[in-house]
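Engineer: If it helps, the file is called target-v9.cif and holds mmCIF, C-alpha atoms:
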data_protein
#
loop_
_atom_site.label_atom_id
_atom_site.label_comp_id
_atom_site.auth_asym_id
_atom_site.auth_seq_id
_atom_site.Cartn_x
_atom_site.Cartn_y
_atom_site.Cartn_z
CA MET A 320 0.00 0.00 0.00
CA SER A 321 1.36 3.42 -0.94
CA LYS A 322 2.29 5.84 1.81
CA THR A 323 1.13 8.85 -0.19
CA LYS A 324 -2.30 10.10 0.69
CA ALA A 325 -4.90 9.92 -2.03
CA ARG A 326 -6.71 13.18 -2.59
CA LYS A 327 -10.27 12.93 -1.36
CA ALA A 328 -12.81 13.65 -4.07
CA PRO A 329 -15.15 16.54 -3.26
CA GLN A 330 -18.56 15.50 -2.05
CA LYS A 331 -21.12 15.73 -4.83
CA SER A 332 -24.03 18.07 -4.28
CA ALA A 333 -27.48 17.73 -5.76
CA ALA A 334 -26.83 20.64 -8.04
CA THR A 335 -28.09 21.64 -11.44
CA ILE A 336 -25.29 23.59 -13.05
CA ASP A 337 -25.99 25.07 -16.45
CA ILE A 338 -22.86 26.22 -18.27
CA ARG A 339 -23.13 28.42 -21.34
CA ILE A 340 -20.11 29.37 -23.44
CA THR A 341 -20.39 32.37 -25.77
CA THR A 342 -16.83 32.46 -27.07
CA ARG A 343 -14.65 29.71 -28.53
CA MET A 344 -11.63 31.08 -26.69
CA TRP A 345 -12.72 29.16 -23.58
CA THR A 346 -12.87 25.81 -25.36
CA ARG A 347 -9.80 26.47 -27.49
CA ASP A 348 -7.62 27.15 -24.46
CA LEU A 349 -9.32 24.74 -22.07
CA PRO A 350 -11.07 21.78 -23.72
CA SER A 351 -12.37 20.51 -20.37
CA VAL A 352 -13.88 23.87 -19.46
CA LYS A 353 -17.37 22.58 -18.57
CA ALA A 354 -15.98 19.77 -16.42
CA THR A 355 -13.69 22.27 -14.68
CA CYS A 356 -16.59 24.60 -13.91
CA ARG A 357 -18.87 21.80 -12.76
CA ARG A 358 -16.22 20.30 -10.47
CA ALA A 359 -15.40 23.68 -8.88
CA ALA A 360 -19.07 24.62 -8.42
CA GLU A 361 -19.93 21.25 -6.89
CA ALA A 362 -16.98 21.50 -4.48
CA ALA A 363 -18.09 24.97 -3.36
CA LEU A 364 -21.70 23.84 -2.94
CA ALA A 365 -20.61 20.77 -0.96
CA ALA A 366 -19.01 23.17 1.53
CA ALA A 367 -22.47 24.62 2.29
CA PRO A 368 -23.68 22.15 4.93
CA ARG A 369 -27.39 23.05 4.95
CA LEU A 370 -27.81 23.22 1.19
CA LYS A 371 -29.35 20.01 -0.12
CA ALA A 372 -29.77 21.08 -3.76
CA ALA A 373 -29.26 24.17 -5.86
CA GLU A 374 -29.34 25.53 -9.38
CA ILE A 375 -26.61 27.77 -10.78
CA ASN A 376 -26.01 29.26 -14.23
CA ILE A 377 -22.43 29.88 -15.33
CA LEU A 378 -21.70 32.08 -18.34
CA LEU A 379 -18.21 31.85 -19.87
CA THR A 380 -17.93 34.84 -22.11
CA THR A 381 -15.84 37.73 -23.41
CA ASP A 382 -14.40 40.72 -21.62
CA SER A 383 -16.78 43.03 -23.48
CA ALA A 384 -19.84 41.07 -22.34
CA VAL A 385 -18.67 41.15 -18.71
CA LYS A 386 -17.84 44.84 -19.07
CA LYS A 387 -21.45 45.51 -20.11
CA LEU A 388 -22.78 43.51 -17.15
CA ASN A 389 -20.38 45.27 -14.79
CA ALA A 390 -21.45 48.69 -16.08
CA THR A 391 -25.17 47.86 -15.98
CA TYR A 392 -25.34 46.19 -12.58
CA ARG A 393 -22.37 47.61 -10.66
CA GLY A 394 -21.83 50.99 -12.30
CA LYS A 395 -18.23 50.07 -13.21
CA ASP A 396 -17.45 50.53 -16.90
CA LYS A 397 -14.66 47.97 -17.13
CA PRO A 398 -14.30 44.23 -17.45
CA THR A 399 -13.57 42.10 -14.40
CA ASN A 400 -12.72 38.44 -13.97
CA VAL A 401 -15.95 37.17 -12.38
CA LEU A 402 -19.37 38.55 -11.50
CA SER A 403 -22.00 36.90 -9.33
CA PHE A 404 -25.70 37.65 -9.40
CA PRO A 405 -27.54 36.07 -6.45
CA ALA A 406 -31.15 35.14 -7.15
CA TYR A 407 -32.21 36.04 -3.61
CA GLU A 408 -31.26 38.45 -0.88
CA PRO A 409 -29.18 36.76 1.85
CA ASP A 410 -32.13 36.35 4.25
CA GLU A 411 -34.30 34.80 1.50
CA ARG A 412 -31.61 32.48 0.08
CA HIS A 413 -32.94 29.20 1.42
CA ARG A 414 -36.55 29.84 0.48
CA ALA A 415 -37.80 28.16 -2.63
CA PRO A 416 -41.18 26.90 -3.74
CA SER A 417 -41.94 23.56 -2.13
CA GLY A 418 -40.53 20.64 -4.08
CA SER A 419 -38.31 22.79 -6.29
CA THR A 420 -34.55 23.23 -6.43
CA PRO A 421 -33.54 26.69 -5.19
CA MET A 422 -31.98 28.92 -7.82
CA LEU A 423 -28.85 30.42 -6.24
CA GLY A 424 -28.06 32.71 -9.14
CA ASP A 425 -25.76 33.40 -12.06
CA ILE A 426 -22.01 33.70 -12.48
CA ALA A 427 -20.26 35.34 -15.45
CA VAL A 428 -16.54 34.83 -16.15
CA ALA A 429 -14.55 36.91 -18.65
CA PHE A 430 -12.02 35.01 -20.75
CA GLY A 431 -9.45 37.73 -21.46
CA VAL A 432 -9.18 39.05 -17.90
CA SER A 433 -9.04 35.51 -16.52
CA ALA A 434 -6.39 34.35 -19.00
CA ARG A 435 -4.20 37.40 -18.35
CA GLU A 436 -4.49 36.98 -14.58
CA ALA A 437 -3.61 33.29 -14.79
CA LYS A 438 -0.51 34.07 -16.86
CA THR A 439 0.56 36.95 -14.58
CA GLU A 440 0.05 34.82 -11.46
CA GLY A 441 1.86 31.79 -12.94
CA LYS A 442 -1.22 29.56 -12.81
CA THR A 443 -2.90 27.42 -15.38
CA LEU A 444 -6.15 28.73 -16.81
CA LYS A 445 -7.86 25.63 -15.40
CA GLU A 446 -6.65 26.44 -11.86
CA HIS A 447 -7.66 30.07 -12.15
CA LEU A 448 -11.07 29.27 -13.61
CA SER A 449 -11.65 26.81 -10.75
CA HIS A 450 -10.81 29.57 -8.27
CA LEU A 451 -13.09 32.08 -9.98
CA VAL A 452 -16.02 29.64 -10.05
CA VAL A 453 -15.52 28.76 -6.37
CA HIS A 454 -15.32 32.50 -5.60
CA GLY A 455 -18.50 33.16 -7.57
CA VAL A 456 -20.44 30.34 -5.91
CA LEU A 457 -19.38 31.55 -2.47
CA HIS A 458 -20.81 34.97 -3.36
CA LEU A 459 -24.08 33.27 -4.32
CA LEU A 460 -24.02 31.56 -0.92
CA GLY A 461 -23.74 34.93 0.83
CA TYR A 462 -19.99 35.30 1.35
CA ASP A 463 -18.44 38.70 0.69
CA HIS A 464 -15.05 40.42 0.85
CA THR A 465 -16.06 44.03 1.41
CA HIS A 466 -14.62 44.16 4.95
CA ASP A 467 -11.34 42.65 6.15
CA ASP A 468 -13.00 40.08 8.46
CA ASP A 469 -15.39 38.97 5.72
CA ALA A 470 -12.55 38.79 3.22
CA THR A 471 -10.47 36.63 5.55
CA THR A 472 -13.39 34.25 6.10
CA MET A 473 -14.13 34.01 2.38
CA GLU A 474 -10.47 33.55 1.41
CA ARG A 475 -10.04 30.77 3.99
CA ARG A 476 -13.12 29.00 2.64
CA GLU A 477 -11.87 29.36 -0.95
CA THR A 478 -8.43 28.05 -0.01
CA LYS A 479 -9.91 25.00 1.74
CA ILE A 480 -12.23 24.18 -1.18
CA LEU A 481 -9.45 24.62 -3.73
CA ALA A 482 -7.09 22.43 -1.66
CA GLY A 483 -9.73 19.70 -1.92
CA LEU A 484 -9.46 20.09 -5.69
CA GLY A 485 -5.66 19.86 -5.57
CA ILE A 486 -5.16 23.58 -6.24
CA SER A 487 -2.70 25.57 -4.14
CA ASP A 488 -3.64 28.63 -2.08
CA PRO A 489 -4.34 31.45 -4.56
CA TYR A 490 -3.64 34.04 -1.86
CA ALA A 491 -0.29 32.67 -0.65
CA ASP A 492 1.82 35.19 -2.54
CA ALA A 493 -0.82 37.84 -3.24
CA PRO A 494 -0.15 41.28 -1.79
CA ILE A 495 -2.69 42.70 0.59
CA LEU A 496 -4.13 45.86 -0.89
CA PRO A 497 -6.05 48.42 1.15
CA ARG A 498 -9.76 47.66 0.97
CA SER A 499 -10.63 51.28 1.59
CA ARG A 500 -9.93 51.89 -2.10
CA GLY A 501 -12.39 49.15 -3.03
CA LYS A 502 -9.71 46.61 -3.87
CA VAL A 503 -9.25 43.12 -2.59
CA ARG A 504 -6.19 40.93 -2.78
CA ARG A 505 -4.86 40.75 -6.31
#
Rewrite the structure of this file - the entire thing - as structure tokens.
Structural biologist:
Amino acid sequence: MSKTKARKAPQKSAATIDIRITTRMWTRDLPSVKATCRRAAEAALAAAPRLKAAEINILLTTDSAVKKLNATYRGKDKPTNVLSFPAYEPDERHRAPSGSTPMLGDIAVAFGVSAREAKTEGKTLKEHLSHLVVHGVLHLLGYDHTHDDDATTMERRETKILAGLGISDPYADAPILPRSRGKVRR
């Protein structure tokens, strides 16, 4: 018997994860893009102990599409790596019509920003996409990084989930930027 520990597979959740790709760049650079997204989303959902089932939509798209969403819904006229759109307010999150799967919300990921960040940070696109999907799902679950304490909690949760996927701590070498300017670690 080998002395190396086998990596434990993330617990599967009863999730419906719809993944839509609007640009071939995602599939050209990462043929297993849907499997990567599904695995990351399921791992993040499995970390939510009270959630029995959920529905999530993931949009893998261009920087310009994310820029439009960011401008429309956040008032920021620039692309970003990932956006999350919760279906419910935090206090309503676990309410769903009887017998139905609760819709947690939508996540949009921009290819160009994500690919550039992965290259700059010395990560594979697959690792970075996994991180961004986990990050997005945690937002749908009510986690935030607006305040230092919240950011620390969210980053610890992300790191633990990603470790379960065999991905190293994305914050290990990231500089801490002042949050008062609206920035988080990056």
Engineer: Can you tell me, as a tab-separated table (two decimals) with C-alpha atoms, in the coordinates of the input, what residues are no more than 7 Å from Asp337 of chain A when counting all atoms listed in the file, ignoring any on the same chain fewer than 6 positions away?
Structural biologist:
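out_4.tsv written:
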chain	number	residue	atom	x	y	z
A	375	ILE	CA	-26.61	27.77	-10.78
A	376	ASN	CA	-26.01	29.26	-14.23
A	377	ILE	CA	-22.43	29.88	-15.33
Engineer: Write out as a PyMOL selection string which residues come within 10 Å of segment 452-459 of chain A when counting only C-alpha atoms, dropping same-chain ones fewer than 3 positions away.
Structural biologist: chain A and resi 355-364+366-367+375+377+401-409+412+422-428+447-449+462-464+473-474+476-478+480-481
Engineer: Hey, can you spit out that residue selection with C-alpha atoms as a PDB file, in the frame of the given file?
Structural biologist:
ATOM      1  CA  THR A 355     -13.690  22.270 -14.680  1.00  0.00           C
ATOM      2  CA  CYS A 356     -16.590  24.600 -13.910  1.00  0.00           C
ATOM      3  CA  ARG A 357     -18.870  21.800 -12.760  1.00  0.00           C
ATOM      4  CA  ARG A 358     -16.220  20.300 -10.470  1.00  0.00           C
ATOM      5  CA  ALA A 359     -15.400  23.680  -8.880  1.00  0.00           C
ATOM      6  CA  ALA A 360     -19.070  24.620  -8.420  1.00  0.00           C
ATOM      7  CA  GLU A 361     -19.930  21.250  -6.890  1.00  0.00           C
ATOM      8  CA  ALA A 362     -16.980  21.500  -4.480  1.00  0.00           C
ATOM      9  CA  ALA A 363     -18.090  24.970  -3.360  1.00  0.00           C
ATOM     10  CA  LEU A 364     -21.700  23.840  -2.940  1.00  0.00           C
ATOM     11  CA  ALA A 366     -19.010  23.170   1.530  1.00  0.00           C
ATOM     12  CA  ALA A 367     -22.470  24.620   2.290  1.00  0.00           C
ATOM     13  CA  ILE A 375     -26.610  27.770 -10.780  1.00  0.00           C
ATOM     14  CA  ILE A 377     -22.430  29.880 -15.330  1.00  0.00           C
ATOM     15  CA  VAL A 401     -15.950  37.170 -12.380  1.00  0.00           C
ATOM     16  CA  LEU A 402     -19.370  38.550 -11.500  1.00  0.00           C
ATOM     17  CA  SER A 403     -22.000  36.900  -9.330  1.00  0.00           C
ATOM     18  CA  PHE A 404     -25.700  37.650  -9.400  1.00  0.00           C
ATOM     19  CA  PRO A 405     -27.540  36.070  -6.450  1.00  0.00           C
ATOM     20  CA  ALA A 406     -31.150  35.140  -7.150  1.00  0.00           C
ATOM     21  CA  TYR A 407     -32.210  36.040  -3.610  1.00  0.00           C
ATOM     22  CA  GLU A 408     -31.260  38.450  -0.880  1.00  0.00           C
ATOM     23  CA  PRO A 409     -29.180  36.760   1.850  1.00  0.00           C
ATOM     24  CA  ARG A 412     -31.610  32.480   0.080  1.00  0.00           C
ATOM     25  CA  MET A 422     -31.980  28.920  -7.820  1.00  0.00           C
ATOM     26  CA  LEU A 423     -28.850  30.420  -6.240  1.00  0.00           C
ATOM     27  CA  GLY A 424     -28.060  32.710  -9.140  1.00  0.00           C
ATOM     28  CA  ASP A 425     -25.760  33.400 -12.060  1.00  0.00           C
ATOM     29  CA  ILE A 426     -22.010  33.700 -12.480  1.00  0.00           C
ATOM     30  CA  ALA A 427     -20.260  35.340 -15.450  1.00  0.00           C
ATOM     31  CA  VAL A 428     -16.540  34.830 -16.150  1.00  0.00           C
ATOM     32  CA  HIS A 447      -7.660  30.070 -12.150  1.00  0.00           C
ATOM     33  CA  LEU A 448     -11.070  29.270 -13.610  1.00  0.00           C
ATOM     34  CA  SER A 449     -11.650  26.810 -10.750  1.00  0.00           C
ATOM     35  CA  TYR A 462     -19.990  35.300   1.350  1.00  0.00           C
ATOM     36  CA  ASP A 463     -18.440  38.700   0.690  1.00  0.00           C
ATOM     37  CA  HIS A 464     -15.050  40.420   0.850  1.00  0.00           C
ATOM     38  CA  MET A 473     -14.130  34.010   2.380  1.00  0.00           C
ATOM     39  CA  GLU A 474     -10.470  33.550   1.410  1.00  0.00           C
ATOM     40  CA  ARG A 476     -13.120  29.000   2.640  1.00  0.00           C
ATOM     41  CA  GLU A 477     -11.870  29.360  -0.950  1.00  0.00           C
ATOM     42  CA  THR A 478      -8.430  28.050  -0.010  1.00  0.00           C
ATOM     43  CA  ILE A 480     -12.230  24.180  -1.180  1.00  0.00           C
ATOM     44  CA  LEU A 481      -9.450  24.620  -3.730  1.00  0.00           C
TER      45      LEU A 481
END
Engineer: Hey, can you check how far atom CA of Lys371 of chain A sits from atom CA of Ala334 of chain A?
Structural biologist: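 Between atom CA of Lys371 of chain A and atom CA of Ala334 of chain A the gap is 8.3 Å.
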Engineer: Between atom CA of Phe430 of chain A and atom CA of Ser383 of chain A, measure the distance and give it in Å to one decimal.
Structural biologist: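 Separation between atom CA of Phe430 of chain A and atom CA of Ser383 of chain A: 9.7 Å.
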Engineer: What does the distance between atom CA of Thr381 of chain A and atom CA of Ala434 of chain A come to in Å, to one decimal place?
Structural biologist: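 Answer for the atom CA of Thr381 of chain A to atom CA of Ala434 of chain A separation: 11.0 Å.
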Engineer: Kindly indicate which residue among A:Pro489, A:Gly431, A:Gly483, A:Gly441 lies nearest to Trp345 of chain A, using only C-alpha atoms for the distances.
Structural biologist: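 Using only C-alpha atoms, the shortest distance to Trp345 of chain A belongs to A:Gly431.
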Engineer: Once the PyMOL selection byres ((chain A and resi 390-400) around 6) has been evaluated on this model, what residues remain selected, and can you format them as a list in words?
Structural biologist: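 On the file shown, the PyMOL selection byres ((chain A and resi 390-400) around 6) covers Asp382, Val385, Lys386, Lys387, Leu388, Asn389, Val401, Val428, Ala429, Val432 and Ser433 of chain A.
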Engineer: A:Val352, A:Tyr490, A:Thr443, A:Glu374: which is nearest Arg475 of chain A, counting only C-alpha atoms?
Structural biologist: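 The answer is A:Tyr490, which sits nearest to Arg475 of chain A.
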Engineer: Please identify all polymer residues within 10 Å of Arg343 of chain A, counting all atoms listed in the file, omitting same-chain residues fewer than 2 positions from it, and present them as a ChimeraX atom specification.
Structural biologist: /A:340-341,345-350,379-381,430
Engineer: Taking into account all atoms listed in the file, which residue in the set A:Lys442, A:Arg369, A:Arg435, A:His466 is nearest to Ser487 of chain A?
Structural biologist: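 Of all the options, A:Lys442 lies closest to Ser487 of chain A.
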Engineer: Is there a way to complete segment 419-448 of chain A with N, CA and C atoms and then write that out as a PDB file, in the coordinates of the input?
Structural biologist:
ATOM      1  N   SER A 419     -39.161  22.320  -5.200  1.00  0.00           N
ATOM      2  CA  SER A 419     -38.310  22.790  -6.290  1.00  0.00           C
ATOM      3  C   SER A 419     -36.871  22.951  -5.802  1.00  0.00           C
ATOM      4  N   THR A 420     -35.955  22.990  -6.731  1.00  0.00           N
ATOM      5  CA  THR A 420     -34.550  23.230  -6.430  1.00  0.00           C
ATOM      6  C   THR A 420     -34.333  24.733  -6.361  1.00  0.00           C
ATOM      7  N   PRO A 421     -33.738  25.240  -5.278  1.00  0.00           N
ATOM      8  CA  PRO A 421     -33.540  26.690  -5.190  1.00  0.00           C
ATOM      9  C   PRO A 421     -32.518  27.192  -6.203  1.00  0.00           C
ATOM     10  N   MET A 422     -32.885  28.251  -6.885  1.00  0.00           N
ATOM     11  CA  MET A 422     -31.980  28.920  -7.820  1.00  0.00           C
ATOM     12  C   MET A 422     -31.081  29.829  -6.996  1.00  0.00           C
ATOM     13  N   LEU A 423     -29.778  29.560  -6.986  1.00  0.00           N
ATOM     14  CA  LEU A 423     -28.850  30.420  -6.240  1.00  0.00           C
ATOM     15  C   LEU A 423     -28.525  31.678  -7.025  1.00  0.00           C
ATOM     16  N   GLY A 424     -28.357  31.535  -8.339  1.00  0.00           N
ATOM     17  CA  GLY A 424     -28.060  32.710  -9.140  1.00  0.00           C
ATOM     18  C   GLY A 424     -27.173  32.407 -10.328  1.00  0.00           C
ATOM     19  N   ASP A 425     -26.571  33.469 -10.844  1.00  0.00           N
ATOM     20  CA  ASP A 425     -25.760  33.400 -12.060  1.00  0.00           C
ATOM     21  C   ASP A 425     -24.347  33.882 -11.796  1.00  0.00           C
ATOM     22  N   ILE A 426     -23.412  33.307 -12.535  1.00  0.00           N
ATOM     23  CA  ILE A 426     -22.010  33.700 -12.480  1.00  0.00           C
ATOM     24  C   ILE A 426     -21.562  33.960 -13.913  1.00  0.00           C
ATOM     25  N   ALA A 427     -20.824  35.040 -14.127  1.00  0.00           N
ATOM     26  CA  ALA A 427     -20.260  35.340 -15.450  1.00  0.00           C
ATOM     27  C   ALA A 427     -18.748  35.465 -15.304  1.00  0.00           C
ATOM     28  N   VAL A 428     -18.004  34.802 -16.194  1.00  0.00           N
ATOM     29  CA  VAL A 428     -16.540  34.830 -16.150  1.00  0.00           C
ATOM     30  C   VAL A 428     -16.025  35.322 -17.499  1.00  0.00           C
ATOM     31  N   ALA A 429     -15.134  36.311 -17.449  1.00  0.00           N
ATOM     32  CA  ALA A 429     -14.550  36.910 -18.650  1.00  0.00           C
ATOM     33  C   ALA A 429     -13.273  36.178 -19.045  1.00  0.00           C
ATOM     34  N   PHE A 430     -13.178  35.771 -20.294  1.00  0.00           N
ATOM     35  CA  PHE A 430     -12.020  35.010 -20.750  1.00  0.00           C
ATOM     36  C   PHE A 430     -10.723  35.821 -20.698  1.00  0.00           C
ATOM     37  N   GLY A 431     -10.696  36.974 -21.338  1.00  0.00           N
ATOM     38  CA  GLY A 431      -9.450  37.730 -21.460  1.00  0.00           C
ATOM     39  C   GLY A 431      -8.845  38.111 -20.119  1.00  0.00           C
ATOM     40  N   VAL A 432      -9.661  38.661 -19.232  1.00  0.00           N
ATOM     41  CA  VAL A 432      -9.180  39.050 -17.900  1.00  0.00           C
ATOM     42  C   VAL A 432      -8.658  37.820 -17.174  1.00  0.00           C
ATOM     43  N   SER A 433      -9.419  36.740 -17.225  1.00  0.00           N
ATOM     44  CA  SER A 433      -9.040  35.510 -16.520  1.00  0.00           C
ATOM     45  C   SER A 433      -7.736  34.933 -17.064  1.00  0.00           C
ATOM     46  N   ALA A 434      -7.599  34.891 -18.378  1.00  0.00           N
ATOM     47  CA  ALA A 434      -6.390  34.350 -19.000  1.00  0.00           C
ATOM     48  C   ALA A 434      -5.167  35.199 -18.664  1.00  0.00           C
ATOM     49  N   ARG A 435      -5.315  36.516 -18.695  1.00  0.00           N
ATOM     50  CA  ARG A 435      -4.200  37.400 -18.350  1.00  0.00           C
ATOM     51  C   ARG A 435      -3.802  37.234 -16.885  1.00  0.00           C
ATOM     52  N   GLU A 436      -4.780  37.168 -15.999  1.00  0.00           N
ATOM     53  CA  GLU A 436      -4.490  36.980 -14.580  1.00  0.00           C
ATOM     54  C   GLU A 436      -3.769  35.655 -14.336  1.00  0.00           C
ATOM     55  N   ALA A 437      -4.240  34.600 -14.969  1.00  0.00           N
ATOM     56  CA  ALA A 437      -3.610  33.290 -14.790  1.00  0.00           C
ATOM     57  C   ALA A 437      -2.142  33.350 -15.215  1.00  0.00           C
ATOM     58  N   LYS A 438      -1.884  33.973 -16.361  1.00  0.00           N
ATOM     59  CA  LYS A 438      -0.510  34.070 -16.860  1.00  0.00           C
ATOM     60  C   LYS A 438       0.350  34.913 -15.905  1.00  0.00           C
ATOM     61  N   THR A 439      -0.164  36.062 -15.487  1.00  0.00           N
ATOM     62  CA  THR A 439       0.560  36.950 -14.580  1.00  0.00           C
ATOM     63  C   THR A 439       0.865  36.264 -13.252  1.00  0.00           C
ATOM     64  N   GLU A 440      -0.094  35.474 -12.758  1.00  0.00           N
ATOM     65  CA  GLU A 440       0.050  34.820 -11.460  1.00  0.00           C
ATOM     66  C   GLU A 440       0.741  33.457 -11.554  1.00  0.00           C
ATOM     67  N   GLY A 441       1.148  33.051 -12.764  1.00  0.00           N
ATOM     68  CA  GLY A 441       1.860  31.790 -12.940  1.00  0.00           C
ATOM     69  C   GLY A 441       0.995  30.565 -12.670  1.00  0.00           C
ATOM     70  N   LYS A 442      -0.283  30.671 -13.013  1.00  0.00           N
ATOM     71  CA  LYS A 442      -1.220  29.560 -12.810  1.00  0.00           C
ATOM     72  C   LYS A 442      -1.702  29.066 -14.168  1.00  0.00           C
ATOM     73  N   THR A 443      -2.254  27.876 -14.168  1.00  0.00           N
ATOM     74  CA  THR A 443      -2.900  27.420 -15.380  1.00  0.00           C
ATOM     75  C   THR A 443      -4.276  28.081 -15.456  1.00  0.00           C
ATOM     76  N   LEU A 444      -4.808  28.166 -16.653  1.00  0.00           N
ATOM     77  CA  LEU A 444      -6.150  28.730 -16.810  1.00  0.00           C
ATOM     78  C   LEU A 444      -7.166  27.853 -16.079  1.00  0.00           C
ATOM     79  N   LYS A 445      -6.953  26.549 -16.093  1.00  0.00           N
ATOM     80  CA  LYS A 445      -7.860  25.630 -15.400  1.00  0.00           C
ATOM     81  C   LYS A 445      -7.878  25.920 -13.895  1.00  0.00           C
ATOM     82  N   GLU A 446      -6.716  26.122 -13.294  1.00  0.00           N
ATOM     83  CA  GLU A 446      -6.650  26.440 -11.860  1.00  0.00           C
ATOM     84  C   GLU A 446      -7.348  27.761 -11.561  1.00  0.00           C
ATOM     85  N   HIS A 447      -7.077  28.754 -12.392  1.00  0.00           N
ATOM     86  CA  HIS A 447      -7.660  30.070 -12.150  1.00  0.00           C
ATOM     87  C   HIS A 447      -9.172  30.059 -12.348  1.00  0.00           C
ATOM     88  N   LEU A 448      -9.629  29.375 -13.387  1.00  0.00           N
ATOM     89  CA  LEU A 448     -11.070  29.270 -13.610  1.00  0.00           C
ATOM     90  C   LEU A 448     -11.727  28.555 -12.428  1.00  0.00           C
TER      91      LEU A 448
END
